[in-house]
Amino acid sequence: MKYWSSMGCALLMLAANLAARAQAAPARAQTAATVSSAVGERSWTASGLNAPADIVIDHWGIAHIFAANIHDAFFLQGYNAARDRLWQIDLWRKRGLGLLAKSLGPGYVDQDRAARLFLYRGDMDKEWASYVPDSRQWVTAFVDGVNAYVAQVRDRVRPLPIEFRLTDSRPESWQADDVLRIRSHALVSNVTSEVARARVVCAAGLKVDALRRKIEPQGHKMTVPPGLNPCDVPADVLKDYLLATKQVDFNALAGTVQRADISSDRPLAAAIDAQSVEGSNNWAIAPSRTETGSPRNDLSLSL
């Protein structure tokens, strides 16, 4: 891999192996000379590519991938995601699979148990077949790219992000099936409102619930399904759902256990409030205000 920088632009070049990189070196050296005399260059290798390929990091910090084939394009996407945010994607994988306690300690056992309740347990071959053709090989290539970077971190070729040192944890390898099995990030968000509606209707009737939340489209008539008694919906019916879908915090590292047996009303209200204000805030941070000298923008991801 080669790292080039010029006027805030960096070019990361990956080679399938040392031989492939050596063959391409003269052409790349010529390109460097024509781009800028101020270009700096570092070479890296990444096992798993089929041909030399490039990742260009522009002056906005945006990665642009150039590959000779589809496999390498997805491989580079995974590699670059790990290079740019290994701590984040590793934490989200562990959260989704219910593996937090393995890395962060027993305080996360309850959250792991809840998360595992929402894992996909069906036939994986049939599940992959329900997606567009080649999805499995594309996701596998992406995961191989992530794992290639993780392997380099383990071998100390690449730096271990500071968050792993602070939590005394390490990044783990991925499997393609992990991407499909995790379902806690894509569940229907209105389940919290449905439970809140059942509780209000049980206590005061349908007309009162209309005061709680406006129903759209206008003119829609709300009815209780035949055979359903809203009062039969337990107050704590969402305790595992709320625990499985909550973001990871680090109170457990300070001795606070992430338990499922919490008050039913307060977390339900908090979840509804969070969903009502969720959205993109479109922020940006100038390079002069970051330690790395790179700009940062709204990732549309929870922090």
# chains A, B, ... in the order shown; residues from 1 in each chain; ligands from 1
>>> residues_around(residues="range 206-215 of chain A", least_positions_apart="4", cutoff="12 Å", atoms="only C-alpha atoms", output="VMD selection string")
chain A and resid 193 to 202 219 to 224 230 269 272 276
>>> write_last_selection(atoms="C-alpha atoms", output="PDB file, in the first residue's frame")
ATOM      1  CA  SER A 193     -45.488   3.705  20.235  1.00  0.00           C
ATOM      2  CA  GLU A 194     -47.746   0.666  19.845  1.00  0.00           C
ATOM      3  CA  VAL A 195     -47.029  -0.442  23.401  1.00  0.00           C
ATOM      4  CA  ALA A 196     -47.552   3.088  24.708  1.00  0.00           C
ATOM      5  CA  ARG A 197     -50.861   3.227  22.832  1.00  0.00           C
ATOM      6  CA  ALA A 198     -52.010  -0.056  24.361  1.00  0.00           C
ATOM      7  CA  ARG A 199     -51.238   1.232  27.846  1.00  0.00           C
ATOM      8  CA  VAL A 200     -53.080   4.522  27.273  1.00  0.00           C
ATOM      9  CA  VAL A 201     -56.087   2.808  25.687  1.00  0.00           C
ATOM     10  CA  CYS A 202     -56.207   0.371  28.579  1.00  0.00           C
ATOM     11  CA  GLY A 219     -59.150  10.730   8.820  1.00  0.00           C
ATOM     12  CA  HIS A 220     -57.678   7.374   9.747  1.00  0.00           C
ATOM     13  CA  LYS A 221     -59.937   5.620  12.225  1.00  0.00           C
ATOM     14  CA  MET A 222     -58.111   3.876  15.023  1.00  0.00           C
ATOM     15  CA  THR A 223     -59.667   0.662  16.286  1.00  0.00           C
ATOM     16  CA  VAL A 224     -58.700  -2.093  18.692  1.00  0.00           C
ATOM     17  CA  PRO A 230     -54.970  -3.691  25.497  1.00  0.00           C
ATOM     18  CA  ALA A 269     -40.811   7.063  27.391  1.00  0.00           C
ATOM     19  CA  ILE A 272     -40.136   7.286  22.256  1.00  0.00           C
ATOM     20  CA  SER A 276     -39.090  11.615  17.904  1.00  0.00           C
TER      21      SER A 276
END
>>> closest_atom_pairs(of="range 92-158 of chain A", to="range 247-256 of chain A", cutoff="8 Å", atoms="only C-alpha atoms", output="tab-separated table")
residue	atom	partner	partner_atom	distance
A:Arg95	CA	A:Val248	CA	7.2
A:Leu104	CA	A:Leu253	CA	7.2
A:Gly105	CA	A:Leu253	CA	7.5
A:Gly107	CA	A:Ala252	CA	5.0
A:Tyr108	CA	A:Ala252	CA	6.8
>>> closest_residue(among="A:Gly96, A:His64, A:Ser169, A:Ala203", to="Asn229 in chain A", atoms="only C-alpha atoms")
A:Ala203
>>> atom_distance(atom1="CA of Gln77 in chain A", atom2="CA of Gly145 in chain A")
7.1 Å
>>> closest_residue(among="A:Arg121, A:Arg165, A:Arg181, A:Arg154", to="Lys94 in chain A", atoms="only C-alpha atoms")
A:Arg181
>>> residues_around(residues="Gly98 in chain A", least_positions_apart="2", cutoff="10 Å", atoms="only C-alpha atoms", output="MDAnalysis selection string")
chainID A and resid 92:96 100:102 108:119 182 244
>>> decode(residues="range 179-211 of chain A", atoms="N, CA and C atoms", output="PDB file, in the first residue's frame")
ATOM      1  N   VAL A 179     -23.103 -10.184   9.347  1.00  0.00           N
ATOM      2  CA  VAL A 179     -23.788  -9.021   8.782  1.00  0.00           C
ATOM      3  C   VAL A 179     -25.285  -9.271   8.664  1.00  0.00           C
ATOM      4  N   LEU A 180     -25.673 -10.510   8.363  1.00  0.00           N
ATOM      5  CA  LEU A 180     -27.083 -10.851   8.204  1.00  0.00           C
ATOM      6  C   LEU A 180     -27.743 -11.252   9.512  1.00  0.00           C
ATOM      7  N   ARG A 181     -26.996 -11.867  10.410  1.00  0.00           N
ATOM      8  CA  ARG A 181     -27.595 -12.395  11.633  1.00  0.00           C
ATOM      9  C   ARG A 181     -28.017 -11.282  12.591  1.00  0.00           C
ATOM     10  N   ILE A 182     -27.325 -10.159  12.568  1.00  0.00           N
ATOM     11  CA  ILE A 182     -27.654  -9.064  13.479  1.00  0.00           C
ATOM     12  C   ILE A 182     -28.906  -8.351  12.987  1.00  0.00           C
ATOM     13  N   ARG A 183     -29.946  -8.359  13.797  1.00  0.00           N
ATOM     14  CA  ARG A 183     -31.209  -7.728  13.409  1.00  0.00           C
ATOM     15  C   ARG A 183     -31.645  -6.644  14.400  1.00  0.00           C
ATOM     16  N   SER A 184     -30.917  -6.462  15.480  1.00  0.00           N
ATOM     17  CA  SER A 184     -31.338  -5.494  16.493  1.00  0.00           C
ATOM     18  C   SER A 184     -31.189  -4.054  16.016  1.00  0.00           C
ATOM     19  N   HIS A 185     -30.477  -3.836  14.901  1.00  0.00           N
ATOM     20  CA  HIS A 185     -30.318  -2.473  14.386  1.00  0.00           C
ATOM     21  C   HIS A 185     -31.383  -2.131  13.343  1.00  0.00           C
ATOM     22  N   ALA A 186     -32.256  -3.057  12.991  1.00  0.00           N
ATOM     23  CA  ALA A 186     -33.199  -2.813  11.899  1.00  0.00           C
ATOM     24  C   ALA A 186     -34.626  -3.224  12.254  1.00  0.00           C
ATOM     25  N   LEU A 187     -34.929  -3.173  13.534  1.00  0.00           N
ATOM     26  CA  LEU A 187     -36.277  -3.549  13.955  1.00  0.00           C
ATOM     27  C   LEU A 187     -37.225  -2.350  13.822  1.00  0.00           C
ATOM     28  N   VAL A 188     -38.534  -2.645  13.743  1.00  0.00           N
ATOM     29  CA  VAL A 188     -39.485  -1.563  13.546  1.00  0.00           C
ATOM     30  C   VAL A 188     -39.527  -0.636  14.749  1.00  0.00           C
ATOM     31  N   SER A 189     -39.296   0.647  14.489  1.00  0.00           N
ATOM     32  CA  SER A 189     -39.173   1.591  15.605  1.00  0.00           C
ATOM     33  C   SER A 189     -40.511   1.934  16.239  1.00  0.00           C
ATOM     34  N   ASN A 190     -41.630   1.721  15.513  1.00  0.00           N
ATOM     35  CA  ASN A 190     -42.906   2.137  16.083  1.00  0.00           C
ATOM     36  C   ASN A 190     -43.454   1.143  17.110  1.00  0.00           C
ATOM     37  N   VAL A 191     -42.696   0.090  17.409  1.00  0.00           N
ATOM     38  CA  VAL A 191     -43.169  -0.858  18.418  1.00  0.00           C
ATOM     39  C   VAL A 191     -43.313  -0.169  19.767  1.00  0.00           C
ATOM     40  N   THR A 192     -42.459   0.811  20.061  1.00  0.00           N
ATOM     41  CA  THR A 192     -42.562   1.529  21.330  1.00  0.00           C
ATOM     42  C   THR A 192     -43.863   2.324  21.399  1.00  0.00           C
ATOM     43  N   SER A 193     -44.247   2.939  20.273  1.00  0.00           N
ATOM     44  CA  SER A 193     -45.488   3.705  20.235  1.00  0.00           C
ATOM     45  C   SER A 193     -46.706   2.790  20.364  1.00  0.00           C
ATOM     46  N   GLU A 194     -46.625   1.605  19.763  1.00  0.00           N
ATOM     47  CA  GLU A 194     -47.746   0.666  19.845  1.00  0.00           C
ATOM     48  C   GLU A 194     -47.979   0.210  21.289  1.00  0.00           C
ATOM     49  N   VAL A 195     -46.886  -0.029  22.000  1.00  0.00           N
ATOM     50  CA  VAL A 195     -47.029  -0.442  23.401  1.00  0.00           C
ATOM     51  C   VAL A 195     -47.563   0.716  24.237  1.00  0.00           C
ATOM     52  N   ALA A 196     -47.050   1.917  23.982  1.00  0.00           N
ATOM     53  CA  ALA A 196     -47.552   3.088  24.708  1.00  0.00           C
ATOM     54  C   ALA A 196     -49.042   3.296  24.434  1.00  0.00           C
ATOM     55  N   ARG A 197     -49.445   3.083  23.181  1.00  0.00           N
ATOM     56  CA  ARG A 197     -50.861   3.227  22.832  1.00  0.00           C
ATOM     57  C   ARG A 197     -51.715   2.209  23.594  1.00  0.00           C
ATOM     58  N   ALA A 198     -51.251   0.974  23.650  1.00  0.00           N
ATOM     59  CA  ALA A 198     -52.010  -0.056  24.361  1.00  0.00           C
ATOM     60  C   ALA A 198     -52.191   0.313  25.824  1.00  0.00           C
ATOM     61  N   ARG A 199     -51.160   0.877  26.433  1.00  0.00           N
ATOM     62  CA  ARG A 199     -51.238   1.232  27.846  1.00  0.00           C
ATOM     63  C   ARG A 199     -52.200   2.407  28.075  1.00  0.00           C
ATOM     64  N   VAL A 200     -52.172   3.379  27.144  1.00  0.00           N
ATOM     65  CA  VAL A 200     -53.080   4.522  27.273  1.00  0.00           C
ATOM     66  C   VAL A 200     -54.526   4.081  27.038  1.00  0.00           C
ATOM     67  N   VAL A 201     -54.735   3.276  26.001  1.00  0.00           N
ATOM     68  CA  VAL A 201     -56.087   2.808  25.687  1.00  0.00           C
ATOM     69  C   VAL A 201     -56.642   1.974  26.839  1.00  0.00           C
ATOM     70  N   CYS A 202     -55.781   1.173  27.431  1.00  0.00           N
ATOM     71  CA  CYS A 202     -56.207   0.371  28.579  1.00  0.00           C
ATOM     72  C   CYS A 202     -56.674   1.273  29.723  1.00  0.00           C
ATOM     73  N   ALA A 203     -55.946   2.348  29.941  1.00  0.00           N
ATOM     74  CA  ALA A 203     -56.255   3.208  31.092  1.00  0.00           C
ATOM     75  C   ALA A 203     -57.392   4.181  30.827  1.00  0.00           C
ATOM     76  N   ALA A 204     -57.502   4.677  29.547  1.00  0.00           N
ATOM     77  CA  ALA A 204     -58.461   5.769  29.330  1.00  0.00           C
ATOM     78  C   ALA A 204     -59.209   5.716  28.013  1.00  0.00           C
ATOM     79  N   GLY A 205     -58.908   4.772  27.128  1.00  0.00           N
ATOM     80  CA  GLY A 205     -59.669   4.667  25.891  1.00  0.00           C
ATOM     81  C   GLY A 205     -58.991   5.303  24.684  1.00  0.00           C
ATOM     82  N   LEU A 206     -59.547   5.005  23.498  1.00  0.00           N
ATOM     83  CA  LEU A 206     -58.954   5.447  22.231  1.00  0.00           C
ATOM     84  C   LEU A 206     -58.916   6.962  22.088  1.00  0.00           C
ATOM     85  N   LYS A 207     -59.959   7.658  22.518  1.00  0.00           N
ATOM     86  CA  LYS A 207     -60.006   9.105  22.335  1.00  0.00           C
ATOM     87  C   LYS A 207     -58.884   9.808  23.084  1.00  0.00           C
ATOM     88  N   VAL A 208     -58.549   9.298  24.227  1.00  0.00           N
ATOM     89  CA  VAL A 208     -57.478   9.907  25.011  1.00  0.00           C
ATOM     90  C   VAL A 208     -56.132   9.689  24.331  1.00  0.00           C
ATOM     91  N   ASP A 209     -55.936   8.529  23.696  1.00  0.00           N
ATOM     92  CA  ASP A 209     -54.666   8.284  23.018  1.00  0.00           C
ATOM     93  C   ASP A 209     -54.462   9.241  21.847  1.00  0.00           C
ATOM     94  N   ALA A 210     -55.567   9.725  21.256  1.00  0.00           N
ATOM     95  CA  ALA A 210     -55.447  10.697  20.165  1.00  0.00           C
ATOM     96  C   ALA A 210     -54.801  11.986  20.649  1.00  0.00           C
ATOM     97  N   LEU A 211     -54.887  12.256  21.945  1.00  0.00           N
ATOM     98  CA  LEU A 211     -54.233  13.433  22.512  1.00  0.00           C
ATOM     99  C   LEU A 211     -52.728  13.203  22.670  1.00  0.00           C
TER     100      LEU A 211
END
